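With compact mmCIF, C-alpha atoms and all ligand atoms inside, this is coords.txt:
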# COMPACT_ATOMS: atom_id res chain seq x y z
CA MET Z 967 -125.27 149.81 -179.32
CA ASN Z 968 -124.97 146.40 -177.67
CA ASP Z 969 -121.79 144.47 -176.95
CA LEU Z 970 -122.28 142.15 -179.87
CA ASP Z 971 -122.20 145.02 -182.34
CA LEU Z 972 -119.07 146.33 -180.75
CA GLU Z 973 -117.45 142.93 -181.01
CA LYS Z 974 -118.32 142.76 -184.68
CA LEU Z 975 -116.82 146.14 -185.17
CA ARG Z 976 -113.64 145.27 -183.36
CA LEU Z 977 -112.93 142.10 -185.24
CA PRO Z 978 -111.33 143.55 -188.35
CA LEU Z 979 -109.29 145.93 -186.23
CA GLU Z 980 -107.94 143.07 -184.22
CA THR Z 981 -106.77 140.78 -187.03
CA PRO Z 982 -103.13 140.08 -186.21
CA SER Z 983 -100.70 140.33 -189.07
CA TYR Z 984 -98.36 137.80 -187.52
CA PRO Z 985 -98.71 134.12 -186.71
CA GLU Z 986 -99.80 132.83 -183.32
CA GLY Z 987 -96.87 132.32 -181.01
CA PHE Z 988 -94.71 134.80 -182.91
CA ARG Z 989 -91.66 135.89 -180.94
CA SER Z 990 -89.74 139.14 -181.09
CA GLY Z 991 -87.01 140.79 -179.12
CA PHE Z 992 -83.48 141.96 -178.70
CA ALA Z 993 -80.10 140.30 -178.57
CA CYS Z 994 -76.65 141.67 -177.99
CA PHE Z 995 -73.35 140.03 -178.85
CA VAL Z 996 -70.43 140.14 -176.47
CA GLY Z 997 -66.96 138.67 -176.58
CA ARG Z 998 -63.32 139.54 -176.97
CA PRO Z 999 -62.27 141.54 -180.02
CA ASN Z 1000 -61.76 139.57 -183.20
CA VAL Z 1001 -63.74 136.52 -182.15
CA GLY Z 1002 -66.10 136.91 -185.11
CA LYS Z 1003 -69.04 138.81 -183.64
CA SER Z 1004 -69.56 141.15 -186.60
CA THR Z 1005 -69.15 138.40 -189.15
CA LEU Z 1006 -71.67 136.24 -187.33
CA MET Z 1007 -74.17 139.09 -186.98
CA ASN Z 1008 -73.92 139.87 -190.68
CA ALA Z 1009 -74.29 136.23 -191.62
CA LEU Z 1010 -77.39 135.87 -189.44
CA VAL Z 1011 -78.99 139.02 -190.77
CA GLY Z 1012 -78.14 138.25 -194.37
CA GLN Z 1013 -79.53 134.78 -194.16
CA LYS Z 1014 -83.18 135.56 -194.76
CA VAL Z 1015 -83.47 139.21 -195.56
CA ALA Z 1016 -80.53 141.54 -195.46
CA ILE Z 1017 -81.70 144.40 -193.38
CA THR Z 1018 -79.34 146.47 -191.37
CA SER Z 1019 -79.63 149.87 -189.93
CA ASN Z 1020 -77.05 151.98 -188.24
CA ARG Z 1021 -79.60 154.49 -187.19
CA PRO Z 1022 -79.81 154.79 -183.45
CA GLN Z 1023 -82.97 153.10 -182.29
CA THR Z 1024 -82.87 155.09 -179.11
CA THR Z 1025 -80.30 157.31 -177.52
CA ARG Z 1026 -78.96 154.24 -175.85
CA ARG Z 1027 -78.63 151.65 -178.51
CA THR Z 1028 -78.07 151.08 -182.16
CA VAL Z 1029 -79.86 148.48 -184.17
CA ARG Z 1030 -77.22 146.59 -186.08
CA GLY Z 1031 -79.39 144.11 -187.84
CA ILE Z 1032 -82.71 142.38 -187.94
CA VAL Z 1033 -83.18 138.68 -188.50
CA HIS Z 1034 -86.57 137.85 -189.99
CA ARG Z 1035 -87.82 134.32 -189.54
CA PRO Z 1036 -91.30 132.99 -190.20
CA GLU Z 1037 -91.85 132.49 -186.48
CA ALA Z 1038 -89.77 135.30 -185.00
CA GLN Z 1039 -87.98 138.57 -185.40
CA LEU Z 1040 -84.61 139.01 -183.73
CA ILE Z 1041 -83.18 142.48 -183.41
CA ILE Z 1042 -79.48 142.62 -182.79
CA VAL Z 1043 -78.38 145.71 -180.90
CA ASP Z 1044 -75.05 147.18 -180.00
CA THR Z 1045 -74.02 147.09 -176.42
CA PRO Z 1046 -72.30 150.31 -175.54
CA GLY Z 1047 -68.76 149.28 -174.78
CA LEU Z 1048 -69.17 145.57 -174.43
CA HIS Z 1049 -68.92 144.81 -178.12
CA LYS Z 1050 -65.42 146.20 -177.81
CA PRO Z 1051 -64.49 144.55 -174.53
CA ARG Z 1052 -60.89 145.64 -174.88
CA THR Z 1053 -61.89 148.90 -173.21
CA LEU Z 1054 -63.56 147.07 -170.39
CA LEU Z 1055 -60.84 144.69 -169.40
CA GLY Z 1056 -59.32 145.80 -166.15
CA GLU Z 1057 -62.25 147.96 -165.20
CA ARG Z 1058 -65.75 147.39 -163.96
CA LEU Z 1059 -68.62 147.35 -166.38
CA ASP Z 1060 -70.45 150.62 -166.07
CA SER Z 1061 -74.10 150.79 -165.18
CA LEU Z 1062 -75.17 151.55 -168.73
CA VAL Z 1063 -73.71 148.32 -170.02
CA ARG Z 1064 -75.20 146.43 -167.15
CA SER Z 1065 -78.64 147.85 -167.76
CA THR Z 1066 -78.41 147.08 -171.47
CA LEU Z 1067 -77.51 143.50 -170.69
CA VAL Z 1068 -80.49 143.25 -168.39
CA GLU Z 1069 -82.87 144.80 -170.90
CA VAL Z 1070 -82.10 142.63 -173.89
CA ASP Z 1071 -83.89 139.33 -174.12
CA VAL Z 1072 -80.85 137.22 -174.83
CA ILE Z 1073 -77.08 137.73 -174.63
CA VAL Z 1074 -74.78 136.00 -177.12
CA PHE Z 1075 -71.31 135.27 -175.77
CA CYS Z 1076 -68.87 134.53 -178.61
CA ILE Z 1077 -65.76 132.42 -178.04
CA PRO Z 1078 -63.60 131.29 -180.97
CA ALA Z 1079 -63.06 127.58 -181.56
CA ASP Z 1080 -59.45 128.01 -182.60
CA GLU Z 1081 -57.99 129.74 -179.53
CA PRO Z 1082 -57.65 128.49 -175.98
CA ILE Z 1083 -59.95 130.14 -173.49
CA GLY Z 1084 -58.06 133.08 -172.10
CA ARG Z 1085 -58.26 135.67 -169.38
CA GLY Z 1086 -60.45 137.92 -171.52
CA ASP Z 1087 -63.06 135.18 -171.90
CA THR Z 1088 -62.96 134.32 -168.19
CA TYR Z 1089 -63.42 137.96 -167.28
CA ILE Z 1090 -66.48 138.35 -169.50
CA ALA Z 1091 -67.88 135.02 -168.30
CA LYS Z 1092 -67.63 136.22 -164.72
CA GLU Z 1093 -69.44 139.46 -165.53
CA LEU Z 1094 -72.13 137.58 -167.43
CA ALA Z 1095 -72.65 135.21 -164.52
CA GLU Z 1096 -74.13 138.19 -162.68
CA GLN Z 1097 -76.81 138.65 -165.35
CA THR Z 1098 -79.07 136.09 -163.84
CA SER Z 1099 -82.23 137.60 -165.32
CA THR Z 1100 -81.13 137.37 -168.96
CA PRO Z 1101 -80.29 134.07 -170.67
CA VAL Z 1102 -76.79 133.85 -172.11
CA VAL Z 1103 -76.18 131.66 -175.15
CA ALA Z 1104 -72.53 130.69 -175.62
CA VAL Z 1105 -71.55 130.48 -179.27
CA VAL Z 1106 -68.31 128.83 -180.34
CA THR Z 1107 -67.34 130.69 -183.51
CA LYS Z 1108 -65.03 129.86 -186.43
CA ALA Z 1109 -65.78 126.15 -186.14
CA ASP Z 1110 -64.39 125.67 -189.66
CA LEU Z 1111 -60.87 126.34 -188.38
CA VAL Z 1112 -60.65 123.24 -186.18
CA ASP Z 1113 -61.31 119.51 -186.49
CA ARG Z 1114 -64.15 117.67 -184.78
CA ASP Z 1115 -62.14 116.63 -181.73
CA ALA Z 1116 -60.83 120.11 -181.10
CA LEU Z 1117 -64.33 121.51 -181.50
CA ALA Z 1118 -65.70 118.98 -179.00
CA GLY Z 1119 -62.90 119.93 -176.59
CA GLN Z 1120 -63.67 123.61 -176.91
CA LEU Z 1121 -67.40 123.04 -176.39
CA LEU Z 1122 -66.57 121.17 -173.19
CA ALA Z 1123 -64.24 123.94 -171.99
CA VAL Z 1124 -66.89 126.57 -172.71
CA SER Z 1125 -69.53 124.58 -170.87
CA GLU Z 1126 -67.30 124.63 -167.80
CA LEU Z 1127 -66.88 128.39 -168.04
CA GLY Z 1128 -70.40 129.26 -166.92
CA ASP Z 1129 -74.05 128.38 -166.72
CA TRP Z 1130 -75.22 128.91 -170.30
CA ALA Z 1131 -78.77 128.68 -171.57
CA ASP Z 1132 -77.39 126.92 -174.67
CA ILE Z 1133 -74.05 126.24 -176.31
CA VAL Z 1134 -73.86 126.24 -180.10
CA PRO Z 1135 -70.88 125.82 -182.43
CA VAL Z 1136 -71.04 127.87 -185.62
CA SER Z 1137 -69.03 128.97 -188.60
CA ALA Z 1138 -70.15 132.19 -190.21
CA GLU Z 1139 -67.72 131.85 -193.08
CA GLY Z 1140 -68.36 128.16 -193.58
CA GLU Z 1141 -72.12 128.77 -193.26
CA PHE Z 1142 -72.31 125.98 -190.72
CA GLN Z 1143 -75.10 126.01 -188.10
CA LEU Z 1144 -76.25 129.58 -188.85
CA ASP Z 1145 -79.87 128.55 -188.90
CA THR Z 1146 -79.44 126.72 -185.60
CA VAL Z 1147 -77.95 129.80 -183.93
CA SER Z 1148 -80.78 131.97 -185.15
CA GLU Z 1149 -83.37 129.40 -184.08
CA VAL Z 1150 -81.83 129.01 -180.62
CA LEU Z 1151 -81.65 132.77 -180.08
CA CYS Z 1152 -85.25 133.22 -181.19
CA SER Z 1153 -86.37 130.51 -178.80
CA HIS Z 1154 -85.27 132.78 -175.95
CA LEU Z 1155 -87.38 135.73 -177.11
CA PRO Z 1156 -90.74 136.50 -175.56
CA GLU Z 1157 -93.91 136.19 -177.56
CA GLY Z 1158 -94.87 139.44 -179.22
CA PRO Z 1159 -95.58 141.19 -182.51
CA PRO Z 1160 -92.92 141.88 -185.13
CA LEU Z 1161 -91.22 145.14 -184.26
CA TYR Z 1162 -90.19 146.05 -187.77
CA PRO Z 1163 -92.04 145.61 -191.03
CA ASP Z 1164 -91.19 142.57 -193.06
CA GLY Z 1165 -89.07 143.27 -196.10
CA ASP Z 1166 -86.89 146.31 -196.40
CA LEU Z 1167 -86.56 148.33 -193.27
CA THR Z 1168 -87.19 152.01 -193.66
CA ASP Z 1169 -86.14 153.13 -190.28
CA GLU Z 1170 -86.72 156.78 -190.96
CA PRO Z 1171 -87.08 159.14 -188.04
CA GLU Z 1172 -90.28 160.26 -189.78
CA GLU Z 1173 -91.89 157.05 -188.59
CA MET Z 1174 -91.21 157.98 -184.99
CA LEU Z 1175 -92.77 161.40 -185.48
CA VAL Z 1176 -95.79 159.92 -187.19
CA ALA Z 1177 -96.23 157.49 -184.30
CA GLU Z 1178 -96.03 160.39 -181.86
CA LEU Z 1179 -98.70 162.33 -183.76
CA VAL Z 1180 -101.04 159.34 -183.69
CA ARG Z 1181 -100.42 158.87 -179.99
CA GLU Z 1182 -101.14 162.51 -179.31
CA ALA Z 1183 -104.41 162.34 -181.22
CA ALA Z 1184 -105.39 159.12 -179.46
CA LEU Z 1185 -104.74 160.63 -176.04
CA GLU Z 1186 -106.82 163.72 -176.68
CA GLY Z 1187 -109.82 163.68 -174.38
CA VAL Z 1188 -108.85 160.46 -172.61
CA ARG Z 1189 -105.60 161.56 -171.02
CA ASP Z 1190 -107.07 161.08 -167.54
CA GLU Z 1191 -108.46 157.65 -168.25
CA LEU Z 1192 -105.47 156.35 -170.15
CA PRO Z 1193 -102.57 158.50 -168.98
CA HIS Z 1194 -99.70 156.45 -170.33
CA SER Z 1195 -101.50 153.41 -171.56
CA ILE Z 1196 -101.25 154.11 -175.26
CA ALA Z 1197 -98.25 153.32 -177.39
CA VAL Z 1198 -98.08 153.61 -181.14
CA VAL Z 1199 -95.90 151.75 -183.59
CA VAL Z 1200 -95.83 152.52 -187.30
CA ASP Z 1201 -95.83 149.10 -188.96
CA GLU Z 1202 -95.41 150.27 -192.51
CA MET Z 1203 -95.03 153.52 -194.32
CA SER Z 1204 -94.65 153.71 -198.09
CA GLU Z 1205 -95.22 156.04 -201.02
CA ARG Z 1206 -98.12 155.01 -203.24
CA GLU Z 1207 -96.75 154.61 -206.73
CA GLY Z 1208 -97.60 157.42 -209.12
CA LYS Z 1209 -99.44 159.42 -206.45
CA GLU Z 1210 -98.43 162.14 -204.06
CA LEU Z 1211 -99.68 159.93 -201.26
CA VAL Z 1212 -98.13 158.05 -198.35
CA ASP Z 1213 -99.72 154.86 -197.06
CA ILE Z 1214 -99.27 154.47 -193.33
CA TYR Z 1215 -100.18 151.39 -191.29
CA ALA Z 1216 -99.96 151.92 -187.57
CA SER Z 1217 -100.79 149.91 -184.46
CA LEU Z 1218 -102.13 151.54 -181.36
CA TYR Z 1219 -101.31 149.47 -178.29
CA VAL Z 1220 -103.31 149.57 -175.09
CA GLU Z 1221 -102.93 147.46 -171.97
CA ARG Z 1222 -106.39 146.01 -171.54
CA SER Z 1223 -109.43 145.26 -173.67
CA SER Z 1224 -111.46 147.77 -171.62
CA GLN Z 1225 -109.07 150.47 -172.79
CA LYS Z 1226 -109.41 149.21 -176.31
CA ALA Z 1227 -113.13 149.83 -176.17
CA ILE Z 1228 -112.49 153.39 -174.96
CA VAL Z 1229 -110.05 154.10 -177.77
CA ILE Z 1230 -112.37 152.70 -180.41
CA GLY Z 1231 -115.46 154.40 -179.04
CA THR Z 1232 -119.08 153.78 -179.92
CA LYS Z 1233 -119.34 152.21 -183.35
CA GLY Z 1234 -115.71 153.12 -183.93
CA ALA Z 1235 -116.47 156.83 -183.91
CA ARG Z 1236 -113.64 157.78 -181.63
CA LEU Z 1237 -111.03 155.84 -183.56
CA ARG Z 1238 -112.18 157.43 -186.81
CA ASP Z 1239 -111.88 160.82 -185.20
CA VAL Z 1240 -108.39 160.03 -183.89
CA GLY Z 1241 -107.44 158.86 -187.37
CA SER Z 1242 -108.64 161.95 -189.13
CA ARG Z 1243 -107.02 164.32 -186.64
CA ALA Z 1244 -103.73 162.43 -186.75
CA ARG Z 1245 -103.87 162.30 -190.54
CA LYS Z 1246 -104.15 166.08 -190.79
CA GLN Z 1247 -101.14 166.51 -188.52
CA ILE Z 1248 -99.17 163.91 -190.45
CA GLU Z 1249 -99.98 165.56 -193.77
CA GLY Z 1250 -98.67 168.80 -192.31
CA LEU Z 1251 -95.48 167.05 -191.22
CA LEU Z 1252 -94.87 165.19 -194.47
CA GLY Z 1253 -96.13 167.88 -196.81
CA ARG Z 1254 -98.26 165.43 -198.80
CA ARG Z 1255 -101.49 163.50 -198.53
CA ALA Z 1256 -101.61 160.45 -196.30
CA PHE Z 1257 -103.73 157.33 -196.00
CA LEU Z 1258 -103.74 156.18 -192.40
CA ASP Z 1259 -104.76 152.70 -191.34
CA LEU Z 1260 -105.02 152.40 -187.55
CA ARG Z 1261 -105.35 149.15 -185.67
CA VAL Z 1262 -105.91 148.81 -181.95
CA ARG Z 1263 -104.14 145.96 -180.23
CA VAL Z 1264 -103.87 144.86 -176.63
CA ALA Z 1265 -100.33 144.35 -175.25
CA LYS Z 1266 -101.09 143.28 -171.72
CA ASP Z 1267 -99.54 145.43 -168.99
CA TRP Z 1268 -96.87 146.84 -171.27
CA GLN Z 1269 -96.27 149.74 -168.89
CA ARG Z 1270 -94.90 147.48 -166.24
CA ASP Z 1271 -92.65 145.50 -168.55
CA PRO Z 1272 -89.37 147.27 -169.33
CA LYS Z 1273 -88.76 145.06 -172.34
CA LEU Z 1274 -92.18 145.78 -173.79
CA LEU Z 1275 -91.78 149.45 -172.99
CA ARG Z 1276 -88.64 149.62 -175.00
CA ARG Z 1277 -90.21 147.69 -177.80
CA LEU Z 1278 -93.01 150.16 -177.99
CA GLY Z 1279 -90.62 153.08 -178.13
CA PHE Z 1280 -90.81 154.25 -174.53
CA ASP Z 1281 -87.22 153.74 -173.64
CA GLN Z 1282 -86.96 156.85 -171.52
CA GLN Z 1283 -89.71 155.63 -169.22
CA SER Z 1284 -88.24 152.21 -168.55
N1 LIG A 1301 -62.39 131.06 -190.69
C1 LIG A 1301 -63.29 131.89 -190.16
N2 LIG A 1301 -62.96 133.16 -189.91
C2 LIG A 1301 -63.89 133.96 -189.34
C3 LIG A 1301 -65.19 133.50 -189.04
N3 LIG A 1301 -65.89 134.51 -188.49
C4 LIG A 1301 -65.03 135.58 -188.48
N4 LIG A 1301 -63.84 135.25 -188.99
C5 LIG A 1301 -62.68 136.14 -189.16
O1 LIG A 1301 -62.26 136.61 -187.88
C6 LIG A 1301 -61.82 137.96 -187.96
C7 LIG A 1301 -62.57 138.80 -186.95
O2 LIG A 1301 -63.95 138.81 -187.26
P1 LIG A 1301 -64.92 139.96 -186.77
O3 LIG A 1301 -66.27 139.55 -187.17
O4 LIG A 1301 -64.44 141.28 -187.25
O5 LIG A 1301 -64.71 139.87 -185.21
P2 LIG A 1301 -65.31 140.80 -184.06
O6 LIG A 1301 -65.45 139.93 -182.87
O7 LIG A 1301 -66.52 141.50 -184.55
O8 LIG A 1301 -64.15 141.82 -183.83
P3 LIG A 1301 -64.19 143.28 -183.12
O9 LIG A 1301 -65.02 144.17 -184.02
O10 LIG A 1301 -62.77 143.69 -183.07
O11 LIG A 1301 -64.79 143.12 -181.77
C8 LIG A 1301 -62.07 138.39 -189.41
O12 LIG A 1301 -60.88 138.33 -190.11
C9 LIG A 1301 -63.06 137.36 -189.93
O13 LIG A 1301 -62.91 137.15 -191.31
C10 LIG A 1301 -65.51 132.13 -189.34
O14 LIG A 1301 -66.63 131.63 -189.11
N5 LIG A 1301 -64.53 131.38 -189.89
Would you write out, as structure tokens, the structure that this file holds?
Ligand SMILES: Nc1nc2c(ncn2[C@@H]2O[C@H](COP(=O)(O)OP(=O)(O)OP(=O)(O)O)[C@@H](O)[C@H]2O)c(=O)[nH]1
Amino acid sequence: MNDLDLEKLRLPLETPSYPEGFRSGFACFVGRPNVGKSTLMNALVGQKVAITSNRPQTTRRTVRGIVHRPEAQLIIVDTPGLHKPRTLLGERLDSLVRSTLVEVDVIVFCIPADEPIGRGDTYIAKELAEQTSTPVVAVVTKADLVDRDALAGQLLAVSELGDWADIVPVSAEGEFQLDTVSEVLCSHLPEGPPLYPDGDLTDEPEEMLVAELVREAALEGVRDELPHSIAVVVDEMSEREGKELVDIYASLYVERSSQKAIVIGTKGARLRDVGSRARKQIEGLLGRRAFLDLRVRVAKDWQRDPKLLRRLGFDQQS
């Protein structure tokens, strides 16, 4: 088989299901208690598609909500401890919180418009100033509670509090500037595929297991060539109406196009084999028939990128 044939074969497998320049990533909200973090998160998530999940995404974080936009997907995660900074005041941030702050793509620092900046805010601002690798967006919440002059004054005070990537006033209850906040946050995310399926999120642990089974099958026989280079994400998993059948769409990520060719094999033979072996395992796991659609995608050097690693479900290796 010549290269041209292989290219032809790869084309349908490569078709991205998201627009060029799509961005995806993680944000965490920090701020004193009662400043409106939860209300803002809910308003942002509810704006386009209300999808929330309290299921732990990893042992280390909880996905609180997902904001779907045409050009981006923003996943809001809990920061252990920092979303309740009361417990942190007077003590140092522990290393877990620090590492979470480093690993998210953008930090959202909430300060209310209707209260003077206090010691709690200054303390958090100081801690955030040390997060030089992660952009911090300062959000002035509850803008509906003050007049224009007071809001302008608070924006100025907040700007003097630190070196923020952006400063945005918002009112979750007044539905003022919600779209702007979401747009600004998404602008700080890296380019990458959507991490959750569009529409309702079924964040079942089954999906993780299915992804693991596919990964196992894909690694069989090539473990030495691609030791840790394969990651699998289940994009969609749904029951086919009226049938005892589950439709599963999964993406198999490799780091380079040369690895992609290995995974696919001559005339796609290897990929078909991986698919049928994985399908058998999955059917055993789910106890019903499965249709498995596998796509191979290149996510350049994902092993060396902690953010990508986490995105692809390899938190423990980051
Ligand atoms: N007027 C007004 N009130 C708001 C707004 N956002 C939040 N609030 C109110 O502020 C209070 C605190 O909001 P939360 O969202 O619970 O604040 P939080 O920062 O998540 O609080 P903790 O969970 O204690 O950290 C609630 O009574 C909200 O109704 C807003 O945009 N405008």
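One distance worth recording is that between CA of Val1105 in chain Z and CA of Pro1135 in chain Z, which is 5.7 Å.
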Per residue of chain Z within 12 Å of ligand LIG 1301 (chain A), record the nearest atom pair and its distance in Å to one decimal, counting only C-alpha atoms and all ligand atoms, with rows in chain order and ascending residue number, as a tab-separated table.
residue	atom	partner	partner_atom	distance
Z:Phe995	CA	A:LIG1301	O6	8.9
Z:Val996	CA	A:LIG1301	O6	8.1
Z:Gly997	CA	A:LIG1301	O6	6.6
Z:Arg998	CA	A:LIG1301	O11	6.2
Z:Pro999	CA	A:LIG1301	O11	3.5
Z:Asn1000	CA	A:LIG1301	O8	3.3
Z:Val1001	CA	A:LIG1301	O6	3.9
Z:Gly1002	CA	A:LIG1301	O5	3.3
Z:Lys1003	CA	A:LIG1301	O7	3.8
Z:Ser1004	CA	A:LIG1301	O7	3.7
Z:Thr1005	CA	A:LIG1301	O3	3.7
Z:Leu1006	CA	A:LIG1301	N3	6.1
Z:Met1007	CA	A:LIG1301	O3	7.9
Z:Asn1008	CA	A:LIG1301	O3	8.4
Z:Ala1009	CA	A:LIG1301	N3	9.1
Z:Leu1010	CA	A:LIG1301	O14	11.6
Z:Arg1030	CA	A:LIG1301	O7	11.9
Z:Asp1044	CA	A:LIG1301	O11	11.2
Z:Thr1045	CA	A:LIG1301	O11	11.4
Z:Gly1047	CA	A:LIG1301	O11	10.1
Z:Leu1048	CA	A:LIG1301	O11	8.9
Z:His1049	CA	A:LIG1301	O11	5.8
Z:Lys1050	CA	A:LIG1301	O11	5.1
Z:Pro1051	CA	A:LIG1301	O11	7.4
Z:Arg1052	CA	A:LIG1301	O11	8.3
Z:Thr1053	CA	A:LIG1301	O11	10.7
Z:Val1074	CA	A:LIG1301	O6	11.6
Z:Phe1075	CA	A:LIG1301	O6	10.3
Z:Cys1076	CA	A:LIG1301	O6	7.7
Z:Ile1077	CA	A:LIG1301	O6	8.9
Z:Pro1078	CA	A:LIG1301	N3	8.5
Z:Ala1079	CA	A:LIG1301	N5	9.3
Z:Asp1080	CA	A:LIG1301	N1	9.1
Z:Glu1081	CA	A:LIG1301	O1	11.6
Z:Val1105	CA	A:LIG1301	O14	11.1
Z:Val1106	CA	A:LIG1301	O14	9.4
Z:Thr1107	CA	A:LIG1301	O14	5.7
Z:Lys1108	CA	A:LIG1301	O14	3.6
Z:Ala1109	CA	A:LIG1301	O14	6.3
Z:Asp1110	CA	A:LIG1301	N5	5.7
Z:Leu1111	CA	A:LIG1301	N1	5.5
Z:Val1112	CA	A:LIG1301	N1	9.2
Z:Pro1135	CA	A:LIG1301	O14	9.8
Z:Val1136	CA	A:LIG1301	O14	6.8
Z:Ser1137	CA	A:LIG1301	O14	3.6
Z:Ala1138	CA	A:LIG1301	O14	3.7
Z:Glu1139	CA	A:LIG1301	O14	4.1
Z:Gly1140	CA	A:LIG1301	O14	5.9
Z:Glu1141	CA	A:LIG1301	O14	7.5
Z:Phe1142	CA	A:LIG1301	O14	8.2
Z:Gln1143	CA	A:LIG1301	O14	10.2
Z:Leu1144	CA	A:LIG1301	O14	9.8
Using Å and a single decimal, report how far CA of Val1033 in chain Z sits from CA of Leu1117 in chain Z. 26.4 Å
Grab the CA of Tyr1162 in chain Z to CA of Arg1236 in chain Z distance for me, in Å with one decimal place. 26.9 Å
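Proximity of Z:Ala1184, Z:Val1229, Z:Ala1256, Z:Leu1067 to Leu1211 in chain Z, computed with all atoms listed in the file, is greatest for Z:Ala1256.
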If we count only C-alpha atoms, what is near Leu1127 in chain Z at a cut-off of 10 Å, once residues fewer than 2 positions away on the same chain are taken out, given as a PyMOL selection string? chain Z and resi 1083+1087-1088+1091-1092+1095+1104+1121-1125+1129-1130
List as a PDB file with C-alpha atoms, keeping the file's coordinate frame the protein and nucleic acid residues near Gly1253 in chain Z, meaning an atom at most 12 Å away when all atoms listed in the file are counted, but skip any in the same chain fewer than 5 places from it.
ATOM      1  CA  GLU Z1172     -90.280 160.260-189.780  1.00  0.00           C
ATOM      2  CA  GLU Z1210     -98.430 162.140-204.060  1.00  0.00           C
ATOM      3  CA  LEU Z1211     -99.680 159.930-201.260  1.00  0.00           C
ATOM      4  CA  VAL Z1212     -98.130 158.050-198.350  1.00  0.00           C
ATOM      5  CA  ARG Z1245    -103.870 162.300-190.540  1.00  0.00           C
ATOM      6  CA  LYS Z1246    -104.150 166.080-190.790  1.00  0.00           C
ATOM      7  CA  GLN Z1247    -101.140 166.510-188.520  1.00  0.00           C
ATOM      8  CA  ILE Z1248     -99.170 163.910-190.450  1.00  0.00           C
TER       9      ILE Z1248
END
Please return, as a count of residues only, all polymer residues that have at least one atom within 12 Å of the point (-94.7, 130.4, -181.9); use all atoms listed in the file and the file's own coordinate frame. 21
List every protein, DNA or RNA residue that has at least one atom no more than 12 Å from (-115.6, 155.2, -183.2) in the file's coordinates, counting all atoms listed in the file, and write the result as a ChimeraX atom specification. /Z:967,972,975-976,979,1184,1226-1242,1260,1262
May I ask which of the residues Z:Val1180, Z:Ile1214, Z:Val1200, Z:Cys994 is the closest one to Arg1243 in chain Z, counting only C-alpha atoms? Z:Val1180
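Excluding Ala1216 in chain Z and any residue on its chain fewer than 3 positions from it, the residues at most 8 Å away by all atoms listed in the file are Ala1177, Val1198, Val1199, Val1200, Asp1201, Glu1202, Leu1258, Asp1259, Leu1260 and Arg1261 of chain Z.
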